[in-house]
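Report on one structure; see the data block that follows.
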Amino acid sequence: MNAVELHNVYQQYGKMAVLDNISLTLGEGEVLGLFGHNGAGKTTTVRLILGLLQATNGEVRVLGGTPGDSDIRRQIGFLPENVTFYPQLTGRETLLHFARLKGAAVQQVDELLEQVGLTAAGSKRVKTYSKGMRQRLGLAQAILGRPRLLLLDEPTVGLDPIATQELYQLIGRLRDDGTSIVICSHVLPGVEPYIDRAAVLALGHLEAVGTLHELRTQAQLPVRIRAAGLTVEQLTAADVQSVRALHGAWHELLVAPADKLTTVQRILQLQPQDIEVQPPSLEDLYCFYMEQAGALGVAGVQQ
């Protein structure tokens, strides 16, 4: 059974179509990255899954049931982008409050404070927390009750690199335990290593969905090959689209995906000091699909 199923979903606000014929699934124990420009339809999609909206047309199924059903809601954890709590409560009191609301075991509270690195701050009032601390408290609130489905909207906002890495390690453990997770984020380089599939929304349409390998195969963007200790003349060949100098002794080549292996083999025969191969990143793919959708310059999308 899929954790989430959207079938031909159409969502309209007044006369404006926000989602147009969206079909998307999320498997059990899968991490899906949901990406798109501001106004692409990400928030609407999340609200449909949470049962806060009812689709104008189409079907939404969550954990085998109807979104918004009380039994389904108890199995969902949600971290909004701008998380707020009662400022006068301590972190521990906040989690105890949500544990009672969710019907979760209060024994989880201290365990979760430790998991998100807030044990020492658990007795302090939330009004003294930094934005990053509030974000970690929000994550702890979201995973109270060990939800089967977790929705995270910009989960790394306000987190330093170490806290971000720890958050994604926690997400990995939740996935290993079978939790299905949707991550909405604009920090594409940070989230790239931790998702199983990516879904790209643009102008209300599902522009692309698949693993990064599948999206790279579909987009056919050039591969970057960086080599040190060789000259432009040595690196230039018929199958090389371009060569440019970088810092020090490094040069960067762009080649078609089909020419990647032969180019690497040829460069290795020239005995470079070092070599790096960089496939198109999630950010490269995102920009490609935004351009394909005609969304560059829309709602802040830039080339």
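Chain labels run A, B, ... following the order of the structure tokens; each chain numbers its residues from 1, and ligands are numbered from 1 in the order shown.
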
List the neighbours of Glu283 in chain A out to 9 Å using only C-alpha atoms; skip same-chain residues closer than 5 positions along the sequence, and give me the result as a ChimeraX atom specification.
/A:187-189,192,288

Residue neighbourhood Gln169 in chain A, 12 Å, only C-alpha atoms, exclusion window fewer than 4 positions, as a list in words
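What passes the distance filter is Gln115, Val116, Ile162, Ala163, Thr164, Gln165, Arg173, Leu174, Arg175, Asp176, Val191, Pro193, Tyr194 and Ile195 of chain A.
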
C-alpha atoms of the current selection, written as a compact mmCIF listing (two decimals), in the first residue's frame:
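The result, stored in again-v7.txt:
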# COMPACT_ATOMS: atom_id res chain seq x y z
CA GLN A 115 17.37 12.97 19.54
CA VAL A 116 17.03 16.60 18.43
CA ILE A 162 26.01 20.14 11.81
CA ALA A 163 22.39 20.34 13.00
CA THR A 164 21.25 19.94 9.38
CA GLN A 165 23.30 16.78 8.97
CA ARG A 173 16.51 6.37 10.67
CA LEU A 174 12.79 7.13 10.43
CA ARG A 175 12.78 5.95 6.82
CA ASP A 176 14.60 2.75 7.82
CA VAL A 191 18.48 17.65 0.55
CA PRO A 193 21.66 13.01 -0.88
CA TYR A 194 18.72 12.11 1.34
CA ILE A 195 15.74 11.70 -1.01

For CA of Leu167 in chain A and CA of Leu144 in chain A, quote the distance in Å rounded to one decimal.
15.1 Å

Using the chain letters and numbers from this document, which residues of range 34-281 of chain A does DSSP assign to helix (DSSP H, G or I), as JSON, numbers by chain?
{"A": [42, 43, 44, 45, 46, 47, 48, 49, 50, 70, 71, 72, 73, 91, 92, 93, 94, 95, 96, 97, 98, 99, 100, 101, 102, 108, 109, 110, 111, 112, 113, 114, 115, 126, 127, 128, 131, 132, 133, 134, 135, 136, 137, 138, 139, 140, 141, 142, 161, 162, 163, 164, 165, 166, 167, 168, 169, 170, 171, 172, 173, 174, 175, 176, 188, 189, 190, 191, 192, 193, 194, 212, 213, 214, 215, 216, 217, 218, 219, 232, 233, 234, 235, 257, 258, 259, 260, 261, 262, 263, 264, 265, 266, 267, 268, 269]}

List every residue of range 82-260 of chain A that DSSP, applied to the backbone of this structure, assigns to strand (DSSP E), and report them as a PyMOL selection string.
chain A and resi 149-153+180-184+197-202+205-210+223-228+240-245+250-255

Long-range neighbours of range 216-223 of chain A as an NGL selection string, 7 Å cut-off, only C-alpha atoms, 4 positions minimum in chain
:A and (212 or 254-257 or 260 or 278-280)

12 Å contact set for Arg61 in chain A, only C-alpha atoms, chain neighbours under 4 positions out, as a list in words:
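That gives Met1, Asn2, Ala3, Val4, Glu5, Leu6, His7, Asn8, Val9, Ser23, Leu24, Thr25, Leu26, Leu48, Ile49, Leu50, Gly51, Gln54, Ala55, Gly65, Thr66, Pro67, Gly68, Asp69 and Ile72 of chain A.
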
Between A:Val109, A:Ile225, A:Leu149, A:Ala17, which residue has the minimum interatomic distance to Glu276 in chain A, considering only C-alpha atoms?
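Of all the options, A:Ile225 lies closest to Glu276 in chain A.
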
Which distance in Å separates CA of Thr179 in chain A and CA of Ala142 in chain A, to one decimal?
12.2 Å

Mind pulling up the distance from CA of Gly103 in chain A to CA of Ala120 in chain A?
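Separating CA of Ala120 in chain A from CA of Gly103 in chain A is a distance of 25.2 Å.
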
Find the spatial neighbours of Leu113 in chain A, counting only C-alpha atoms, within a cut-off of 10 Å - ignore same-chain residues fewer than 6 positions away - and output them as a list in words.
Gly91, Arg92, Leu95, Thr119, Ala120, Ala121, Gly122, Arg136, Leu137, Leu139, Ala140 and Gln141 of chain A

Residues of the last selection are to be written out with N, CA, C and O atoms, as a CSV table (one decimal), in the first residue's frame.
chain,number,residue,atom,x,y,z
A,91,GLY,N,10.5,23.8,26.6
A,91,GLY,CA,10.5,22.8,25.5
A,91,GLY,C,9.9,21.5,25.9
A,91,GLY,O,9.1,20.9,25.2
A,92,ARG,N,10.2,21.0,27.1
A,92,ARG,CA,9.6,19.7,27.6
A,92,ARG,C,8.1,19.9,27.8
A,92,ARG,O,7.4,19.0,27.4
A,95,LEU,N,6.4,19.6,24.4
A,95,LEU,CA,6.2,18.3,23.9
A,95,LEU,C,5.2,17.5,24.7
A,95,LEU,O,4.5,16.7,24.1
A,119,THR,N,18.1,18.3,25.0
A,119,THR,CA,18.0,17.8,26.4
A,119,THR,C,18.4,18.9,27.4
A,119,THR,O,17.7,19.2,28.4
A,120,ALA,N,19.5,19.6,27.1
A,120,ALA,CA,19.9,20.7,28.1
A,120,ALA,C,19.0,21.9,28.1
A,120,ALA,O,18.9,22.6,29.1
A,121,ALA,N,18.3,22.1,27.0
A,121,ALA,CA,17.4,23.3,26.9
A,121,ALA,C,16.0,22.9,27.2
A,121,ALA,O,15.1,23.8,27.1
A,122,GLY,N,15.7,21.6,27.5
A,122,GLY,CA,14.3,21.2,27.7
A,122,GLY,C,13.6,21.9,28.8
A,122,GLY,O,12.4,22.0,28.8
A,136,ARG,N,14.2,22.6,15.7
A,136,ARG,CA,14.4,21.2,16.3
A,136,ARG,C,13.3,20.8,17.2
A,136,ARG,O,12.9,19.6,17.2
A,137,LEU,N,12.7,21.7,18.0
A,137,LEU,CA,11.6,21.4,18.8
A,137,LEU,C,10.4,21.0,17.9
A,137,LEU,O,9.6,20.1,18.2
A,139,LEU,N,10.5,19.7,15.0
A,139,LEU,CA,10.7,18.3,14.4
A,139,LEU,C,10.4,17.3,15.5
A,139,LEU,O,9.7,16.3,15.2
A,140,ALA,N,10.8,17.5,16.7
A,140,ALA,CA,10.4,16.6,17.8
A,140,ALA,C,8.9,16.5,17.9
A,140,ALA,O,8.4,15.4,18.1
A,141,GLN,N,8.2,17.6,17.8
A,141,GLN,CA,6.7,17.6,17.9
A,141,GLN,C,6.2,16.8,16.7
A,141,GLN,O,5.2,16.0,16.9

Contacts of range 42-90 of chain A with range 125-129 of chain A up to 6 Å, shortest pair per row, only C-alpha atoms, as a Markdown table:
| residue | atom | partner | partner_atom | distance |
| --- | --- | --- | --- | --- |
| A:Pro87 | CA | A:Lys127 | CA | 4.4 |
| A:Gln88 | CA | A:Arg125 | CA | 5.6 |
| A:Leu89 | CA | A:Arg125 | CA | 5.3 |
| A:Thr90 | CA | A:Arg125 | CA | 3.9 |
